[in-house]
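What follows is model-v6.txt (compact mmCIF, C-alpha atoms and all ligand atoms).
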# COMPACT_ATOMS: atom_id res chain seq x y z
CA MET I 1 149.70 -81.18 79.75
CA ASN I 2 147.04 -83.43 78.36
CA ALA I 3 146.56 -86.87 79.77
CA HIS I 4 147.21 -90.01 77.79
CA VAL I 5 144.64 -92.62 77.09
CA THR I 6 145.85 -95.31 79.44
CA GLY I 7 142.90 -97.65 79.40
CA LEU I 8 140.29 -98.24 82.03
CA ALA I 9 141.55 -97.66 85.54
CA ALA I 10 139.89 -96.57 88.73
CA ARG I 11 140.33 -92.87 89.29
CA ASP I 12 141.93 -91.54 92.43
CA THR I 13 138.94 -90.38 94.43
CA SER I 14 140.95 -89.20 97.41
CA VAL I 15 139.08 -86.23 98.81
CA PHE I 16 142.07 -84.67 100.48
CA ALA I 17 144.86 -84.79 97.92
CA ASP I 18 145.44 -81.80 95.65
CA ARG I 19 144.87 -82.73 92.04
CA THR I 20 147.29 -81.42 89.49
CA GLU I 21 146.76 -83.95 86.74
CA THR I 22 144.31 -86.68 85.82
CA ARG I 23 145.97 -89.37 83.78
CA GLN I 24 143.38 -92.05 84.20
CA LEU I 25 140.10 -92.28 82.37
CA THR I 26 136.94 -91.43 84.23
CA ARG I 27 134.00 -93.81 83.88
CA ALA I 28 132.33 -91.44 81.42
CA GLU I 29 135.49 -91.27 79.30
CA ALA I 30 135.89 -95.04 79.33
CA TYR I 31 132.26 -95.38 78.23
CA ILE I 32 132.95 -93.06 75.30
CA GLN I 33 136.02 -95.08 74.27
CA ALA I 34 133.87 -98.23 74.20
CA HIS I 35 130.94 -96.84 72.18
CA GLU I 36 130.07 -95.27 68.85
CA PHE I 37 128.16 -91.99 68.57
CA ASP I 38 126.58 -90.43 65.49
CA ARG I 39 126.56 -86.91 66.96
CA PRO I 40 128.30 -84.97 69.75
CA THR I 41 127.23 -86.67 72.95
CA LEU I 42 127.66 -85.79 76.59
CA VAL I 43 128.12 -88.90 78.73
CA LEU I 44 127.28 -88.23 82.34
CA ASP I 45 128.12 -90.51 85.27
CA THR I 46 125.61 -90.00 88.10
CA GLU I 47 127.77 -91.99 90.53
CA ALA I 48 130.58 -89.49 89.99
CA VAL I 49 128.09 -86.72 90.79
CA ALA I 50 127.13 -88.61 93.96
CA ARG I 51 130.77 -89.03 95.04
CA GLN I 52 131.42 -85.35 94.48
CA TYR I 53 128.31 -84.41 96.44
CA VAL I 54 129.46 -86.49 99.40
CA ALA I 55 132.96 -84.99 99.24
CA LEU I 56 131.68 -81.41 99.05
CA ALA I 57 129.01 -81.91 101.71
CA GLN I 58 131.63 -83.38 104.03
CA GLY I 59 133.73 -80.23 103.74
CA LEU I 60 130.74 -77.89 103.93
CA GLY I 61 129.70 -79.40 107.24
CA ARG I 62 126.50 -77.80 108.52
CA ALA I 63 125.99 -75.72 105.36
CA GLN I 64 123.10 -77.01 103.28
CA VAL I 65 123.84 -77.71 99.62
CA HIS I 66 121.38 -76.15 97.15
CA TYR I 67 122.52 -77.57 93.81
CA ALA I 68 122.47 -74.85 91.11
CA VAL I 69 120.17 -76.65 88.69
CA LYS I 70 121.26 -74.70 85.62
CA ALA I 71 124.67 -76.42 85.63
CA ASN I 72 122.97 -79.63 84.51
CA PRO I 73 119.25 -80.25 84.95
CA ALA I 74 119.25 -83.89 83.79
CA PRO I 75 116.46 -85.72 85.70
CA GLU I 76 118.87 -88.52 86.66
CA VAL I 77 121.21 -86.00 88.31
CA LEU I 78 118.37 -84.27 90.17
CA ARG I 79 116.92 -87.60 91.38
CA ARG I 80 120.31 -88.82 92.63
CA LEU I 81 120.88 -85.55 94.49
CA VAL I 82 117.42 -85.74 96.08
CA GLN I 83 118.35 -89.19 97.41
CA LEU I 84 121.54 -87.77 98.89
CA GLY I 85 119.72 -84.97 100.73
CA SER I 86 120.57 -82.08 98.45
CA HIS I 87 118.36 -79.03 98.18
CA PHE I 88 118.10 -77.00 94.98
CA ASP I 89 118.57 -73.49 93.65
CA ALA I 90 116.29 -72.84 90.69
CA ALA I 91 116.12 -69.87 88.34
CA SER I 92 112.72 -70.35 86.71
CA ARG I 93 109.41 -72.15 86.92
CA ALA I 94 110.68 -74.89 84.62
CA GLU I 95 113.68 -75.60 86.86
CA ILE I 96 111.43 -75.71 89.93
CA GLU I 97 109.15 -78.16 88.11
CA ASP I 98 112.17 -80.32 87.26
CA CYS I 99 113.18 -80.43 90.94
CA LEU I 100 109.65 -81.29 92.08
CA ALA I 101 109.43 -84.01 89.42
CA ALA I 102 112.72 -85.44 90.71
CA GLY I 103 111.21 -85.78 94.19
CA ALA I 104 112.34 -82.58 95.90
CA THR I 105 109.78 -80.83 98.11
CA ALA I 106 108.97 -77.14 97.67
CA ASP I 107 110.65 -76.20 100.96
CA GLN I 108 113.94 -77.64 99.60
CA ILE I 109 113.93 -75.30 96.60
CA SER I 110 115.12 -71.69 96.61
CA PHE I 111 114.15 -69.37 93.76
CA GLY I 112 117.55 -67.74 93.42
CA ASN I 113 117.24 -65.72 90.26
CA THR I 114 117.09 -62.00 91.13
CA VAL I 115 115.23 -61.29 87.88
CA LYS I 116 112.03 -63.33 87.96
CA LYS I 117 108.92 -63.37 85.84
CA VAL I 118 105.86 -62.33 87.82
CA SER I 119 103.92 -65.38 86.62
CA ASP I 120 106.79 -67.62 87.79
CA ILE I 121 106.80 -65.97 91.24
CA ALA I 122 103.06 -66.47 91.62
CA TRP I 123 103.31 -70.06 90.45
CA ALA I 124 106.24 -70.85 92.78
CA HIS I 125 104.38 -69.30 95.73
CA ARG I 126 101.35 -71.48 95.04
CA ALA I 127 103.63 -74.51 94.69
CA GLY I 128 104.96 -73.86 98.21
CA VAL I 129 108.36 -72.29 97.50
CA THR I 130 109.08 -69.81 100.33
CA LEU I 131 112.66 -68.61 99.77
CA PHE I 132 113.48 -66.03 97.09
CA ALA I 133 116.41 -63.82 96.04
CA ALA I 134 116.21 -60.10 95.23
CA ASP I 135 118.58 -57.23 94.51
CA ALA I 136 116.21 -54.40 93.56
CA GLU I 137 113.12 -52.51 94.75
CA GLN I 138 110.84 -53.67 91.94
CA GLU I 139 111.74 -57.28 92.60
CA LEU I 140 110.68 -56.85 96.24
CA GLU I 141 107.41 -55.26 95.07
CA LYS I 142 106.77 -58.23 92.76
CA LEU I 143 107.49 -60.65 95.60
CA ALA I 144 105.31 -58.77 98.10
CA GLU I 145 102.41 -58.88 95.69
CA HIS I 146 102.76 -62.40 94.29
CA ALA I 147 104.46 -64.27 97.16
CA PRO I 148 103.23 -62.35 100.22
CA GLY I 149 105.15 -63.08 103.41
CA ALA I 150 107.96 -64.88 101.58
CA GLU I 151 111.48 -65.13 102.94
CA VAL I 152 113.92 -63.17 100.87
CA TYR I 153 117.68 -62.82 100.80
CA ILE I 154 119.43 -59.84 99.24
CA ARG I 155 122.14 -60.52 96.71
CA ILE I 156 125.30 -58.48 97.12
CA ILE I 157 127.51 -57.47 94.21
CA VAL I 158 131.13 -58.43 94.82
CA GLU I 159 134.20 -56.72 93.44
CA ALA I 160 137.65 -58.07 92.60
CA THR I 161 136.75 -61.67 92.02
CA GLU I 162 139.63 -63.91 90.97
CA ALA I 163 137.37 -66.46 89.32
CA ASP I 164 138.09 -67.88 85.85
CA TRP I 165 134.44 -67.21 84.89
CA PRO I 166 133.46 -64.03 86.78
CA LEU I 167 129.76 -63.24 86.89
CA SER I 168 130.31 -59.53 86.20
CA ARG I 169 127.99 -56.86 87.49
CA LYS I 170 124.76 -58.32 86.18
CA PHE I 171 123.54 -59.47 89.59
CA GLY I 172 123.64 -58.04 93.08
CA CYS I 173 123.50 -54.62 94.69
CA SER I 174 125.79 -52.36 96.68
CA ARG I 175 126.08 -52.18 100.44
CA ASP I 176 123.82 -49.13 100.89
CA LYS I 177 121.19 -50.52 98.56
CA ALA I 178 121.26 -53.83 100.42
CA LEU I 179 120.52 -52.12 103.73
CA GLU I 180 117.67 -50.15 102.11
CA LEU I 181 116.21 -53.29 100.55
CA ILE I 182 116.23 -55.15 103.87
CA ALA I 183 114.25 -52.31 105.46
CA MET I 184 111.94 -52.05 102.46
CA ALA I 185 111.26 -55.80 102.46
CA LYS I 186 110.16 -55.60 106.10
CA GLY I 187 107.87 -52.71 105.25
CA LEU I 188 106.29 -54.79 102.48
CA GLY I 189 105.56 -57.67 104.83
CA LEU I 190 108.32 -59.91 103.49
CA ALA I 191 110.84 -61.64 105.75
CA PRO I 192 114.36 -60.46 104.85
CA VAL I 193 116.37 -63.33 106.29
CA GLY I 194 119.86 -62.81 104.94
CA LEU I 195 122.36 -62.11 102.22
CA SER I 196 123.75 -63.96 99.22
CA PHE I 197 126.63 -63.47 96.82
CA HIS I 198 128.53 -65.40 94.15
CA VAL I 199 132.32 -65.41 94.37
CA GLY I 200 132.56 -66.10 90.61
CA SER I 201 132.48 -69.44 88.85
CA GLN I 202 135.60 -71.63 88.82
CA THR I 203 137.31 -69.95 91.76
CA ARG I 204 140.31 -72.22 91.81
CA ARG I 205 141.62 -71.70 95.34
CA ALA I 206 139.66 -71.43 98.58
CA SER I 207 141.94 -68.55 99.65
CA MET I 208 140.49 -66.48 96.76
CA TRP I 209 137.23 -66.31 98.73
CA ALA I 210 138.74 -64.23 101.54
CA PRO I 211 138.53 -60.73 100.01
CA VAL I 212 134.99 -61.40 98.76
CA LEU I 213 133.88 -62.71 102.15
CA ASP I 214 135.36 -59.57 103.74
CA GLN I 215 133.08 -57.39 101.58
CA VAL I 216 129.97 -59.41 102.37
CA ALA I 217 130.80 -59.64 106.08
CA ALA I 218 131.08 -55.83 106.31
CA ILE I 219 127.54 -55.52 104.93
CA TRP I 220 126.28 -58.36 107.14
CA HIS I 221 127.58 -56.68 110.28
CA ALA I 222 126.31 -53.26 109.17
CA ALA I 223 122.82 -54.77 108.74
CA ARG I 224 122.99 -56.38 112.17
CA ASP I 225 124.16 -53.08 113.68
CA ALA I 226 121.16 -51.40 112.05
CA GLY I 227 118.93 -53.79 113.97
CA HIS I 228 118.16 -56.33 111.24
CA GLU I 229 118.30 -59.86 112.51
CA LEU I 230 119.84 -61.91 109.70
CA THR I 231 119.82 -65.70 109.95
CA LEU I 232 120.74 -66.91 106.46
CA LEU I 233 124.02 -66.60 104.59
CA ASN I 234 123.98 -67.95 101.04
CA ILE I 235 127.57 -68.36 99.85
CA GLY I 236 126.56 -69.26 96.28
CA GLY I 237 128.69 -71.35 93.93
CA GLY I 238 132.22 -71.02 92.60
CA PHE I 239 133.49 -74.48 93.59
CA PRO I 240 135.99 -75.47 90.92
CA ALA I 241 136.40 -78.41 88.57
CA PHE I 242 139.64 -79.82 87.18
CA TYR I 243 140.44 -78.36 83.73
CA GLY I 244 144.17 -79.06 83.85
CA GLU I 245 145.21 -76.37 86.31
CA SER I 246 145.78 -77.47 89.86
CA ILE I 247 142.78 -77.22 92.19
CA GLU I 248 142.28 -78.24 95.80
CA ALA I 249 140.33 -81.43 96.45
CA PRO I 250 136.62 -80.78 97.10
CA THR I 251 136.43 -81.65 100.80
CA LEU I 252 139.51 -79.65 101.65
CA TYR I 253 138.37 -76.71 99.54
CA ALA I 254 134.86 -76.61 101.01
CA ALA I 255 136.16 -76.98 104.58
CA GLU I 256 138.56 -74.08 104.06
CA VAL I 257 135.76 -71.89 102.64
CA MET I 258 133.64 -72.70 105.70
CA ARG I 259 136.55 -71.85 107.99
CA LEU I 260 136.88 -68.47 106.27
CA VAL I 261 133.10 -67.96 106.59
CA HIS I 262 133.12 -68.80 110.29
CA GLU I 263 136.06 -66.50 110.91
CA ARG I 264 134.07 -63.56 109.53
CA PHE I 265 130.44 -64.34 110.30
CA GLY I 266 130.57 -66.44 113.46
CA ASP I 267 127.70 -68.85 114.08
CA VAL I 268 125.17 -68.01 111.38
CA PRO I 269 122.06 -70.17 111.99
CA HIS I 270 121.67 -71.14 108.32
CA VAL I 271 124.43 -71.29 105.72
CA MET I 272 123.59 -72.48 102.23
CA ALA I 273 125.98 -73.22 99.36
CA GLU I 274 125.00 -73.49 95.70
CA PRO I 275 127.62 -75.52 93.85
CA GLY I 276 126.91 -76.11 90.18
CA ARG I 277 130.10 -76.69 88.21
CA GLY I 278 131.93 -78.16 91.20
CA LEU I 279 129.30 -80.88 91.57
CA VAL I 280 128.75 -82.05 88.00
CA ALA I 281 131.56 -80.92 85.68
CA GLU I 282 133.97 -83.78 86.34
CA ALA I 283 131.17 -86.34 85.99
CA GLY I 284 130.77 -85.68 82.27
CA ALA I 285 132.75 -86.02 79.07
CA ILE I 286 131.79 -85.27 75.47
CA ALA I 287 132.34 -87.58 72.54
CA ALA I 288 133.13 -85.42 69.51
CA GLU I 289 134.62 -85.89 66.04
CA VAL I 290 137.25 -84.05 64.05
CA LEU I 291 135.59 -82.77 60.86
CA LEU I 292 138.64 -81.23 59.22
CA VAL I 293 142.29 -80.38 59.77
CA SER I 294 143.59 -77.71 57.39
CA ARG I 295 145.92 -74.80 56.73
CA LYS I 296 144.86 -71.60 54.97
CA SER I 297 147.92 -71.78 52.68
CA ASP I 298 150.80 -74.18 52.30
CA SER I 299 153.05 -71.74 54.18
CA ASP I 300 150.48 -71.06 56.93
CA LEU I 301 151.98 -71.70 60.36
CA HIS I 302 148.55 -72.15 61.82
CA ARG I 303 146.79 -75.46 61.72
CA TRP I 304 143.00 -75.29 62.01
CA VAL I 305 141.11 -78.14 63.62
CA TYR I 306 137.33 -78.14 63.16
CA LEU I 307 135.13 -80.23 65.45
CA ASP I 308 131.50 -81.32 65.12
CA ILE I 309 130.75 -79.38 68.32
CA GLY I 310 131.24 -75.66 68.92
CA LYS I 311 130.14 -72.57 70.77
CA PHE I 312 126.51 -72.98 69.75
CA SER I 313 126.20 -76.69 70.39
CA GLY I 314 127.42 -76.99 73.97
CA LEU I 315 130.81 -75.31 74.34
CA ALA I 316 129.54 -71.80 75.13
CA GLU I 317 131.96 -71.54 78.02
CA THR I 318 134.86 -71.21 75.58
CA MET I 319 133.63 -67.63 75.15
CA ASP I 320 136.67 -65.37 75.68
CA GLU I 321 138.55 -68.68 76.03
CA ALA I 322 137.61 -68.53 79.72
CA ILE I 323 137.14 -72.22 80.35
CA ARG I 324 139.89 -74.32 78.80
CA TYR I 325 138.80 -77.88 78.23
CA GLN I 326 141.20 -80.78 77.96
CA PHE I 327 141.11 -83.31 75.15
CA LEU I 328 141.84 -86.98 74.63
CA THR I 329 142.51 -88.60 71.27
CA ALA I 330 143.76 -91.99 70.19
CA ARG I 331 146.97 -90.29 68.95
CA ASP I 332 148.03 -88.69 72.22
CA HIS I 333 151.30 -90.66 72.20
CA GLU I 334 152.27 -88.95 68.92
CA PRO I 335 154.04 -85.55 68.66
CA ARG I 336 151.82 -82.56 69.31
CA GLY I 337 151.60 -79.07 67.95
CA ALA I 338 149.56 -75.92 68.43
CA CYS I 339 146.30 -75.49 66.57
CA ILE I 340 143.34 -73.18 66.39
CA LEU I 341 140.25 -75.08 67.42
CA ALA I 342 136.89 -74.24 65.86
CA GLY I 343 133.30 -75.44 65.81
CA PRO I 344 131.34 -76.62 62.78
CA SER I 345 128.88 -73.77 62.23
CA CYS I 346 129.19 -71.08 59.56
CA ASP I 347 129.31 -68.34 62.18
CA SER I 348 132.79 -66.86 62.36
CA ALA I 349 132.38 -66.41 66.13
CA ASP I 350 132.38 -70.19 66.39
CA VAL I 351 136.11 -70.42 67.19
CA LEU I 352 136.89 -72.11 70.50
CA TYR I 353 140.56 -71.39 71.13
CA GLU I 354 142.70 -69.03 69.05
CA LYS I 355 144.34 -66.47 71.36
CA ARG I 356 145.83 -69.34 73.34
CA PRO I 357 145.98 -72.24 70.86
CA VAL I 358 145.63 -75.83 72.06
CA GLU I 359 148.20 -78.57 71.66
CA LEU I 360 146.85 -81.52 69.70
CA PRO I 361 148.56 -84.42 67.92
CA MET I 362 150.11 -83.44 64.57
CA GLY I 363 148.64 -86.57 63.00
CA LEU I 364 145.06 -85.66 63.83
CA ARG I 365 142.78 -86.31 60.84
CA ALA I 366 139.21 -85.80 59.72
CA GLY I 367 137.09 -88.56 61.22
CA ASP I 368 139.13 -88.96 64.40
CA ARG I 369 137.31 -89.26 67.70
CA ILE I 370 138.09 -86.55 70.23
CA VAL I 371 136.99 -86.67 73.87
CA ILE I 372 136.42 -83.39 75.68
CA ARG I 373 137.04 -83.84 79.37
CA CYS I 374 135.25 -82.43 82.39
CA CYS I 375 132.16 -81.32 80.51
CA GLY I 376 129.29 -82.17 82.86
CA ALA I 377 128.50 -78.54 83.67
CA TYR I 378 127.12 -75.79 81.44
CA THR I 379 127.18 -77.80 78.22
CA SER I 380 123.96 -79.75 77.55
CA THR I 381 121.66 -76.78 78.19
CA TYR I 382 123.98 -74.34 76.44
CA ALA I 383 123.35 -76.09 73.12
CA SER I 384 121.18 -74.24 70.61
CA VAL I 385 118.44 -76.26 68.95
CA GLY I 386 120.26 -77.18 65.79
CA PHE I 387 121.81 -73.88 64.66
CA ASN I 388 123.01 -74.34 61.07
CA GLY I 389 121.51 -77.82 61.09
CA PHE I 390 124.13 -79.26 63.40
CA PRO I 391 122.48 -81.47 66.01
CA PRO I 392 122.42 -80.21 69.59
CA LEU I 393 124.44 -82.09 72.15
CA ASP I 394 122.98 -85.50 72.87
CA LEU I 395 122.98 -86.86 76.44
CA VAL I 396 123.67 -90.36 77.72
CA VAL I 397 123.45 -90.95 81.47
CA ILE I 398 125.39 -93.91 82.86
C1 LIG T 401 125.04 -70.37 88.41
C2 LIG T 401 124.83 -70.11 89.85
C3 LIG T 401 125.46 -70.92 90.80
C4 LIG T 401 126.44 -72.01 90.44
O1 LIG T 401 127.69 -71.50 90.22
P1 LIG T 401 128.95 -72.46 89.99
O2 LIG T 401 130.07 -71.54 89.84
O3 LIG T 401 128.67 -73.31 88.82
O4 LIG T 401 129.09 -73.29 91.23
C5 LIG T 401 125.18 -70.69 92.12
N1 LIG T 401 124.32 -69.71 92.51
C6 LIG T 401 123.70 -68.91 91.62
C7 LIG T 401 122.76 -67.87 92.09
C8 LIG T 401 123.95 -69.08 90.27
O5 LIG T 401 123.34 -68.28 89.38

Have the structure of the file written as structure tokens, please.
Amino acid sequence: MNAHVTGLAARDTSVFADRTETRQLTRAEAYIQAHEFDRPTLVLDTEAVARQYVALAQGLGRAQVHYAVKANPAPEVLRRLVQLGSHFDAASRAEIEDCLAAGATADQISFGNTVKKVSDIAWAHRAGVTLFAADAEQELEKLAEHAPGAEVYIRIIVEATEADWPLSRKFGCSRDKALELIAMAKGLGLAPVGLSFHVGSQTRRASMWAPVLDQVAAIWHAARDAGHELTLLNIGGGFPAFYGESIEAPTLYAAEVMRLVHERFGDVPHVMAEPGRGLVAEAGAIAAEVLLVSRKSDSDLHRWVYLDIGKFSGLAETMDEAIRYQFLTARDHEPRGACILAGPSCDSADVLYEKRPVELPMGLRAGDRIVIRCCGAYTSTYASVGFNGFPPLDLVVI
């Protein structure tokens, strides 16, 4: 069910209550309602990011947060997180530079991409970054040559994720390979300190972590039995945001994940967590405009709604209709009906929701404002630079 526009009201920020529905406007949404925009614009509330950081960190306890920068690298977000004591997980030289520019120190930044450019590795090493991820022999060779002596954690591939946005088999390696890589890293003069994994993005319930943690724990204990002293467990991201389906509140969720970790791993000296979506998604909302509402024939049952934002201008996560955004319009009190939602570009792949249509007001018209909720993660940097001449997503930080 979509929420109604009820005017400006403080949002329930209770960190323990389950959230099933958000009726009230967030600060970002209220800002959109009060302003005009000439192009699709992401409004991002850094205080909401800060509140979410505090809530997550409280549940994570002694685990150190390394914010996954790719979720939203806005300088204001990075600076606020530096102030709060966050560390950072970066995937490239440019992301490391952004973190340093925001005031983070090199020892607070992990280079977590398992597929790194050699020139980026060398640069990061010179800049003082000492912690790197790897999941393959050649990556260890690159690290040994260009970041000699570095600490490295081995990324494990996990099966049977229940996440809404699974990260497939692109990253990570199997159990046997992990054990080989740990031994190889030692031989190359690197310091293999631990393991990492990613449970899959938007893992809605903490209990969904259990089977994945079982797999990683089996490898962890096998490595210890083989005589490798591991001190770092990187539990990655996966912390969910509210897209309309019930999720557990952040503190409760994070505390439950840590309980499951402790149950399987005992007292690991260093645990790090890399929330991306879970930290920034709910802090943002997009101001968009309806460009056209039409039917393909007078008897067509399907109503098409075209927006001025689409797959190539910020809403890439609608791919396979995996992430289902919620919408606000000024007509939400009117009767609703199903529609196919599409972006503005002339690429026929630019359809957002068709297999599972969305319910929008029947009176929706060209020119209407539409607010896309919970858009702070994986939107601004997923916008192409003006494909088809449509402007990329603009950003306003409040
Ligand atoms: C993208 C990414 C994250 C963040 O994932 P979320 O599901 O957004 O929390 C964390 N760790 C790594 C290595 C990533 O690539």

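Proximity to ligand LIG 401 (chain T) was assessed for I:Ser92, I:Ser348, I:Ser297, I:Thr130 counting all atoms listed in the file; the smallest distance is recorded for I:Ser92.
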
List all protein, DNA and RNA residues that have any atom at most 10 Å from ligand LIG 401 (chain T), counting all atoms listed in the file, and write the list as a ChimeraX atom specification. /I:66-72,88-91,110-114,133,155,163-167,171-172,196-203,234-241,273-281,377-378

Counting only C-alpha atoms, figure out which residue out of I:Glu256, I:Asp267, I:Asp394, I:Glu289 gets nearest to I:Gly59. I:Glu256

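Considering the residues I:Ala249, I:Leu140, I:Val65, I:Val54 and counting all atoms listed in the file, I:Gln108 has its shortest atom-to-atom contact with I:Val65.
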
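Within 8 Å of the point (136.7, -65.7, 73.1), counting all atoms listed in the file, the protein and nucleic acid residues come to Thr318, Met319, Asp320, Glu321, Ala322, Val351, Leu352, Tyr353, Glu354 and Lys355 of chain I.
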
To one decimal in Å, tell me the separation between atom CA of I:Asp38 and atom CA of I:Val371.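 It comes out at 13.9 Å.
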
Neighbouring residues of I:Val129 were defined as those with any atom within 10 Å, considering all atoms listed in the file; residues of the same chain fewer than 6 positions away were excluded. Please report them as a PDB file with C-alpha atoms, in the coordinates of the input.
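Below is the file part-v4.pdb, written as the result:
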ATOM      1  CA  ILE I  96     111.430 -75.710  89.930  1.00  0.00           C
ATOM      2  CA  THR I 105     109.780 -80.830  98.110  1.00  0.00           C
ATOM      3  CA  ALA I 106     108.970 -77.140  97.670  1.00  0.00           C
ATOM      4  CA  ASP I 107     110.650 -76.200 100.960  1.00  0.00           C
ATOM      5  CA  GLN I 108     113.940 -77.640  99.600  1.00  0.00           C
ATOM      6  CA  ILE I 109     113.930 -75.300  96.600  1.00  0.00           C
ATOM      7  CA  SER I 110     115.120 -71.690  96.610  1.00  0.00           C
ATOM      8  CA  PHE I 111     114.150 -69.370  93.760  1.00  0.00           C
ATOM      9  CA  ILE I 121     106.800 -65.970  91.240  1.00  0.00           C
ATOM     10  CA  ALA I 122     103.060 -66.470  91.620  1.00  0.00           C
ATOM     11  CA  TRP I 123     103.310 -70.060  90.450  1.00  0.00           C
ATOM     12  CA  ALA I 147     104.460 -64.270  97.160  1.00  0.00           C
ATOM     13  CA  ALA I 150     107.960 -64.880 101.580  1.00  0.00           C
ATOM     14  CA  GLU I 151     111.480 -65.130 102.940  1.00  0.00           C
TER      15      GLU I 151
END

Generate the missing atoms of stretch 205-211 of chain I up to all heavy atoms and report them as a compact mmCIF listing (two decimals), in the frame of the given file.
# COMPACT_ATOMS: atom_id res chain seq x y z
N ARG I 205 141.04 -71.49 94.01
CA ARG I 205 141.62 -71.70 95.34
C ARG I 205 140.67 -71.16 96.41
O ARG I 205 140.11 -70.07 96.24
CB ARG I 205 142.96 -70.98 95.47
CG ARG I 205 143.99 -71.44 94.47
CD ARG I 205 145.16 -72.16 95.16
NE ARG I 205 145.71 -73.18 94.30
CZ ARG I 205 145.98 -74.43 94.68
NH1 ARG I 205 145.78 -74.82 95.92
NH2 ARG I 205 146.45 -75.31 93.83
N ALA I 206 140.55 -71.87 97.49
CA ALA I 206 139.66 -71.43 98.58
C ALA I 206 140.12 -70.07 99.11
O ALA I 206 139.30 -69.23 99.49
CB ALA I 206 139.64 -72.47 99.69
N SER I 207 141.43 -69.83 99.11
CA SER I 207 141.94 -68.55 99.65
C SER I 207 141.42 -67.35 98.86
O SER I 207 141.36 -66.24 99.38
CB SER I 207 143.47 -68.56 99.66
OG SER I 207 143.95 -68.73 98.34
N MET I 208 141.02 -67.58 97.58
CA MET I 208 140.49 -66.48 96.76
C MET I 208 139.15 -65.97 97.29
O MET I 208 138.68 -64.92 96.86
CB MET I 208 140.33 -66.95 95.31
CG MET I 208 141.62 -67.25 94.58
SD MET I 208 141.24 -67.99 92.96
CE MET I 208 142.87 -68.04 92.20
N TRP I 209 138.51 -66.74 98.19
CA TRP I 209 137.23 -66.31 98.73
C TRP I 209 137.40 -65.19 99.76
O TRP I 209 136.47 -64.43 100.02
CB TRP I 209 136.51 -67.48 99.42
CG TRP I 209 135.90 -68.48 98.51
CD1 TRP I 209 136.54 -69.28 97.61
CD2 TRP I 209 134.50 -68.81 98.40
NE1 TRP I 209 135.63 -70.08 96.95
CE2 TRP I 209 134.37 -69.82 97.43
CE3 TRP I 209 133.35 -68.34 99.05
CZ2 TRP I 209 133.14 -70.37 97.08
CZ3 TRP I 209 132.12 -68.90 98.70
CH2 TRP I 209 132.02 -69.90 97.72
N ALA I 210 138.59 -65.10 100.38
CA ALA I 210 138.74 -64.23 101.54
C ALA I 210 138.35 -62.77 101.29
O ALA I 210 137.53 -62.21 102.03
CB ALA I 210 140.17 -64.35 102.09
N PRO I 211 138.89 -62.14 100.22
CA PRO I 211 138.53 -60.73 100.01
C PRO I 211 137.04 -60.53 99.73
O PRO I 211 136.46 -59.51 100.11
CB PRO I 211 139.37 -60.30 98.80
CG PRO I 211 139.97 -61.54 98.23
CD PRO I 211 139.91 -62.61 99.26
